[in-house]
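What's in protein39.cif: mmCIF, C-alpha atoms
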```cif
data_input
#
loop_
_atom_site.label_atom_id
_atom_site.label_comp_id
_atom_site.auth_asym_id
_atom_site.auth_seq_id
_atom_site.Cartn_x
_atom_site.Cartn_y
_atom_site.Cartn_z
CA ALA B 8 -17.27 -16.15 26.92
CA GLN B 9 -15.66 -17.32 23.71
CA THR B 10 -12.21 -18.84 23.67
CA ILE B 11 -9.82 -19.50 20.80
CA HIS B 12 -7.35 -22.37 20.94
CA GLN B 13 -4.58 -22.65 18.38
CA TRP B 14 -2.31 -25.60 17.91
CA PRO B 15 0.56 -26.22 17.89
CA VAL B 16 2.14 -23.34 19.78
CA ALA B 17 5.29 -23.64 17.70
CA GLU B 18 6.62 -25.76 14.84
CA ILE B 19 10.00 -26.28 13.25
CA LYS B 20 9.61 -27.86 9.82
CA ALA B 21 11.78 -28.67 6.83
CA VAL B 22 11.31 -27.07 3.42
CA GLY B 23 9.07 -29.28 1.31
CA SER B 24 7.35 -30.93 4.27
CA PRO B 25 3.59 -30.72 4.88
CA LEU B 26 1.96 -28.45 7.43
CA SER B 27 -1.32 -28.39 9.30
CA LEU B 28 -2.26 -25.68 11.81
CA GLY B 29 -5.49 -25.76 13.74
CA CYS B 30 -7.86 -23.36 15.41
CA THR B 31 -10.88 -24.15 17.57
CA ILE B 32 -13.47 -21.66 18.78
CA LYS B 33 -15.60 -22.36 21.82
CA GLY B 34 -18.48 -20.36 23.21
CA LYS B 35 -19.93 -19.02 19.96
CA SER B 36 -22.05 -20.72 17.33
CA SER B 37 -21.49 -20.12 13.62
CA PRO B 38 -18.50 -17.85 14.14
CA ASN B 39 -16.78 -15.93 11.35
CA LEU B 40 -13.20 -17.19 11.32
CA TYR B 41 -9.99 -15.69 9.94
CA TRP B 42 -6.38 -16.73 9.36
CA TYR B 43 -3.64 -14.12 9.51
CA TRP B 44 0.11 -14.41 8.86
CA GLN B 45 2.87 -12.14 10.07
CA ALA B 46 6.48 -12.34 8.96
CA THR B 47 9.03 -11.46 11.63
CA GLY B 48 8.86 -7.68 11.98
CA GLY B 49 6.15 -7.50 9.31
CA THR B 50 2.50 -6.52 9.09
CA LEU B 51 -0.49 -8.74 9.71
CA GLN B 52 -1.75 -10.17 6.44
CA GLN B 53 -5.17 -11.71 6.22
CA LEU B 54 -5.00 -15.05 4.40
CA PHE B 55 -8.48 -16.57 4.55
CA TYR B 56 -11.87 -16.11 6.09
CA SER B 57 -14.85 -18.39 6.55
CA ILE B 58 -18.40 -17.59 7.52
CA THR B 59 -19.78 -21.11 7.55
CA VAL B 60 -18.83 -24.80 7.51
CA GLY B 61 -17.31 -25.92 4.23
CA GLN B 62 -16.91 -22.39 2.88
CA VAL B 63 -13.56 -20.61 2.77
CA GLU B 64 -12.58 -17.44 0.91
CA SER B 65 -8.97 -16.65 0.03
CA VAL B 66 -7.68 -13.11 0.55
CA VAL B 67 -3.94 -13.50 -0.09
CA GLN B 68 -2.36 -16.37 -2.01
CA LEU B 69 0.71 -17.73 -0.25
CA ASN B 70 0.60 -21.33 -1.53
CA LEU B 71 -1.50 -22.24 1.49
CA SER B 72 -5.01 -23.62 1.79
CA ALA B 73 -7.66 -23.52 4.48
CA SER B 74 -10.65 -25.62 5.38
CA ARG B 75 -13.64 -25.36 7.73
CA PRO B 76 -14.51 -28.99 8.53
CA LYS B 77 -16.65 -28.13 11.57
CA ASP B 78 -18.53 -25.09 12.80
CA ASP B 79 -15.92 -24.47 15.49
CA GLN B 80 -12.77 -25.51 13.60
CA PHE B 81 -10.54 -23.79 11.03
CA ILE B 82 -7.51 -25.55 9.52
CA LEU B 83 -4.57 -24.02 7.62
CA SER B 84 -2.39 -26.36 5.58
CA THR B 85 0.01 -26.93 2.75
CA GLU B 86 1.57 -30.03 1.23
CA LYS B 87 4.98 -28.40 0.64
CA LEU B 88 6.40 -25.73 2.87
CA LEU B 89 8.54 -22.91 1.53
CA LEU B 90 11.11 -20.87 3.43
CA SER B 91 8.82 -17.87 2.96
CA HIS B 92 6.12 -19.56 5.04
CA SER B 93 8.08 -18.88 8.21
CA GLY B 94 6.39 -16.47 10.58
CA PHE B 95 3.56 -16.15 13.05
CA TYR B 96 0.10 -17.48 12.26
CA LEU B 97 -2.95 -16.15 14.00
CA CYS B 98 -6.54 -17.33 14.04
CA ALA B 99 -9.25 -14.80 14.82
CA THR B 100 -13.00 -14.59 15.16
CA GLY B 101 -15.51 -11.76 15.10
CA GLN B 102 -18.66 -10.73 13.28
CA PRO B 103 -18.39 -7.73 10.93
CA ASN B 104 -19.95 -5.40 13.51
CA GLU B 105 -17.89 -6.73 16.44
CA ARG B 106 -14.30 -6.59 17.62
CA LEU B 107 -11.89 -9.29 16.50
CA PHE B 108 -10.66 -11.81 19.05
CA PHE B 109 -7.30 -13.39 18.28
CA GLY B 110 -5.77 -16.65 19.40
CA HIS B 111 -2.31 -16.88 20.91
CA GLY B 112 -0.79 -17.82 17.58
CA THR B 113 1.59 -20.44 16.17
CA LYS B 114 5.23 -19.63 15.50
CA LEU B 115 6.44 -21.48 12.42
CA SER B 116 10.10 -21.83 11.49
CA VAL B 117 10.85 -23.40 8.11
CA LEU B 118 14.45 -24.56 7.70
CA ASP O 6 -4.29 -1.92 1.11
CA ALA O 7 -4.65 -0.31 4.52
CA LYS O 8 -7.01 2.66 4.56
CA THR O 9 -5.33 4.24 7.56
CA THR O 10 -2.03 6.08 7.99
CA GLN O 11 -0.07 6.12 11.23
CA PRO O 12 3.43 7.24 12.22
CA ASP O 13 5.91 4.39 12.25
CA SER O 14 7.05 4.98 15.80
CA MET O 15 6.64 7.18 18.85
CA GLU O 16 8.50 7.44 22.12
CA SER O 17 7.26 8.31 25.57
CA THR O 18 8.30 8.17 29.22
CA GLU O 19 6.50 6.34 31.99
CA GLY O 20 3.71 8.42 33.52
CA GLU O 21 3.20 10.61 30.48
CA THR O 22 0.03 10.84 28.42
CA VAL O 23 0.52 9.63 24.86
CA HIS O 24 -1.41 10.76 21.80
CA LEU O 25 -1.33 8.28 18.90
CA PRO O 26 -2.67 9.77 15.66
CA CYS O 27 -4.39 7.97 12.80
CA SER O 28 -5.47 9.39 9.47
CA HIS O 29 -8.37 7.82 7.55
CA ALA O 30 -9.28 10.38 4.94
CA THR O 31 -11.37 8.00 2.81
CA ILE O 32 -13.46 6.54 5.64
CA SER O 33 -17.00 5.51 4.69
CA GLY O 34 -20.09 6.35 6.68
CA ASN O 35 -20.58 2.79 7.91
CA GLU O 36 -16.98 2.19 8.95
CA TYR O 37 -16.02 2.01 12.61
CA ILE O 38 -12.56 2.98 13.82
CA TYR O 39 -10.93 0.18 15.80
CA TRP O 40 -7.70 0.26 17.76
CA TYR O 41 -5.70 -2.83 18.68
CA ARG O 42 -2.30 -3.25 20.22
CA GLN O 43 0.18 -6.07 19.72
CA VAL O 44 3.34 -7.19 21.44
CA PRO O 45 5.77 -9.61 19.77
CA LEU O 46 4.56 -13.18 19.34
CA GLN O 47 1.09 -12.44 20.68
CA GLY O 48 -2.20 -11.80 18.96
CA PRO O 49 -3.49 -8.24 18.77
CA GLU O 50 -5.48 -7.08 21.78
CA TYR O 51 -8.58 -4.95 21.39
CA VAL O 52 -8.22 -1.46 22.86
CA THR O 53 -11.29 0.52 21.82
CA HIS O 54 -13.48 1.53 18.93
CA GLY O 55 -15.84 4.27 17.86
CA LEU O 56 -18.01 5.54 15.04
CA GLN O 57 -18.49 9.26 15.52
CA GLN O 58 -18.51 10.15 19.20
CA ASN O 59 -15.44 10.15 21.42
CA THR O 60 -15.24 7.04 23.58
CA THR O 61 -13.48 6.11 26.76
CA ASN O 62 -12.78 2.90 28.64
CA SER O 63 -10.31 1.64 31.21
CA MET O 64 -7.53 1.44 28.65
CA ALA O 65 -7.80 4.57 26.58
CA PHE O 66 -9.70 7.59 25.30
CA LEU O 67 -10.54 7.74 21.60
CA ALA O 68 -10.96 11.18 20.12
CA ILE O 69 -12.60 11.25 16.68
CA ALA O 70 -12.49 14.34 14.51
CA SER O 71 -15.85 15.87 13.60
CA ASP O 72 -15.31 15.01 9.90
CA ARG O 73 -14.17 11.48 10.91
CA LYS O 74 -11.08 11.75 8.71
CA SER O 75 -8.73 11.31 11.64
CA SER O 76 -8.68 9.99 15.16
CA THR O 77 -6.34 10.01 18.15
CA LEU O 78 -5.88 7.29 20.72
CA ILE O 79 -4.97 8.84 24.05
CA LEU O 80 -3.20 6.67 26.60
CA PRO O 81 -3.07 8.31 30.03
CA HIS O 82 -0.13 7.71 32.36
CA VAL O 83 1.61 5.07 30.25
CA SER O 84 3.65 2.32 31.85
CA LEU O 85 6.27 -0.02 30.42
CA ARG O 86 3.48 -2.53 29.80
CA ASP O 87 1.92 -0.16 27.27
CA ALA O 88 4.86 -0.58 24.92
CA ALA O 89 3.44 -2.25 21.81
CA VAL O 90 2.52 -1.73 18.19
CA TYR O 91 -0.78 0.13 18.03
CA HIS O 92 -2.99 -0.54 15.01
CA CYS O 93 -5.75 1.72 13.81
CA ILE O 94 -8.08 -0.09 11.40
CA LEU O 95 -11.47 0.49 9.82
CA ARG O 96 -14.23 -2.06 9.95
CA ALA O 97 -17.61 -1.70 8.27
CA SER O 98 -20.78 -2.63 10.07
CA SER O 99 -22.02 -4.36 6.92
CA ASN O 100 -21.15 -7.93 6.11
CA THR O 101 -17.52 -7.59 5.04
CA ASN O 102 -14.90 -10.04 6.19
CA LYS O 103 -11.74 -8.47 4.82
CA VAL O 104 -9.97 -6.75 7.69
CA VAL O 105 -6.79 -4.96 6.65
CA PHE O 106 -4.05 -4.09 9.13
CA GLY O 107 -1.33 -1.57 8.32
CA THR O 108 2.12 -1.29 9.88
CA GLY O 109 0.82 0.49 12.99
CA THR O 110 2.73 2.74 15.37
CA ARG O 111 5.46 1.21 17.51
CA LEU O 112 5.22 2.90 20.91
CA GLN O 113 8.36 2.82 22.97
CA VAL O 114 8.03 3.65 26.66
CA LEU O 115 11.15 4.67 28.55
CA PRO O 116 11.51 4.28 32.32
#
```
Could I get this file's structure written as structure tokens?
Amino acid sequence: AQTIHQWPVAEIKAVGSPLSLGCTIKGKSSPNLYWYWQATGGTLQQLFYSITVGQVESVVQLNLSASRPKDDQFILSTEKLLLSHSGFYLCATGQPNERLFFGHGTKLSVL
Amino acid sequence: DAKTTQPDSMESTEGETVHLPCSHATISGNEYIYWYRQVPLQGPEYVTHGLQQNTTNSMAFLAIASDRKSSTLILPHVSLRDAAVYHCILRASSNTNKVVFGTGTRLQVLP
């Protein structure tokens, strides 16, 4: 069975500081990977997806970037955080004809 | 933009059967109807999905209209643990990796 591990569980960061969030998938080779963001009380917004190592497609621009350095790893980052980056970040996996599996998420507070 | 329309909120009492509607008037022939539910600060949890036929599992019954332009998630004998935001989304069986969530229906369950 596949598992999704996100880290960290929560972060409190200052405006203008860098950020790196990670996601690791185990139990599935060549997974399709997704990053989602959810503002407090808001809807889930898909940010990026990746179908293979080294390839990332942007869906919504939020001054964030993503990378796929390994088959089982997906990284979300920025060099300068904005207040608007606060929220809940979710990593997910699932082929187009399968259900999506989500990680437990990272709660980010930007102060 | 989300291709589904759901009521913002619904209320029920423990033990009742709940019918959650979803409209998807522009659904394509290769799009499956997926239902997820989400509680605060957790990733969405898969509930069920279907293409054309009604489906049932341990969590819910999915009724799909014959023209596929609407569906209803039926939750029998709800408990307090069923309180969540329920999302109805469409996902094509072809190779598409953009998965759009709407605002969903917030189900409140009263004791």
**Asked** Of the candidates B:Ile82, B:Leu97, B:Leu40, B:Val117, which shows the shortest atom-to-atom distance to O:Asn102, using all atoms listed in the file?
**Response** B:Leu40
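Of the listed residues O:Arg73, O:Arg96, O:Arg111, O:Arg86, the one whose atoms come nearest to chain B is O:Arg96, with distances taken using all atoms listed in the file.
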**Request:** Apply the PyMOL selection byres ((chain B) within 7 of (chain O)) to the file shown and report the selected residues as a VMD selection string.
**Result:** chain B and resid 50 to 51 53 56 97 103 to 104 109 to 112
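Between atom CA of B:Pro38 and atom CA of B:Thr10 the separation is 11.5 Å.
Of note, atom CA of B:Ala73 and atom CA of O:Leu95 are spaced 24.9 Å apart.
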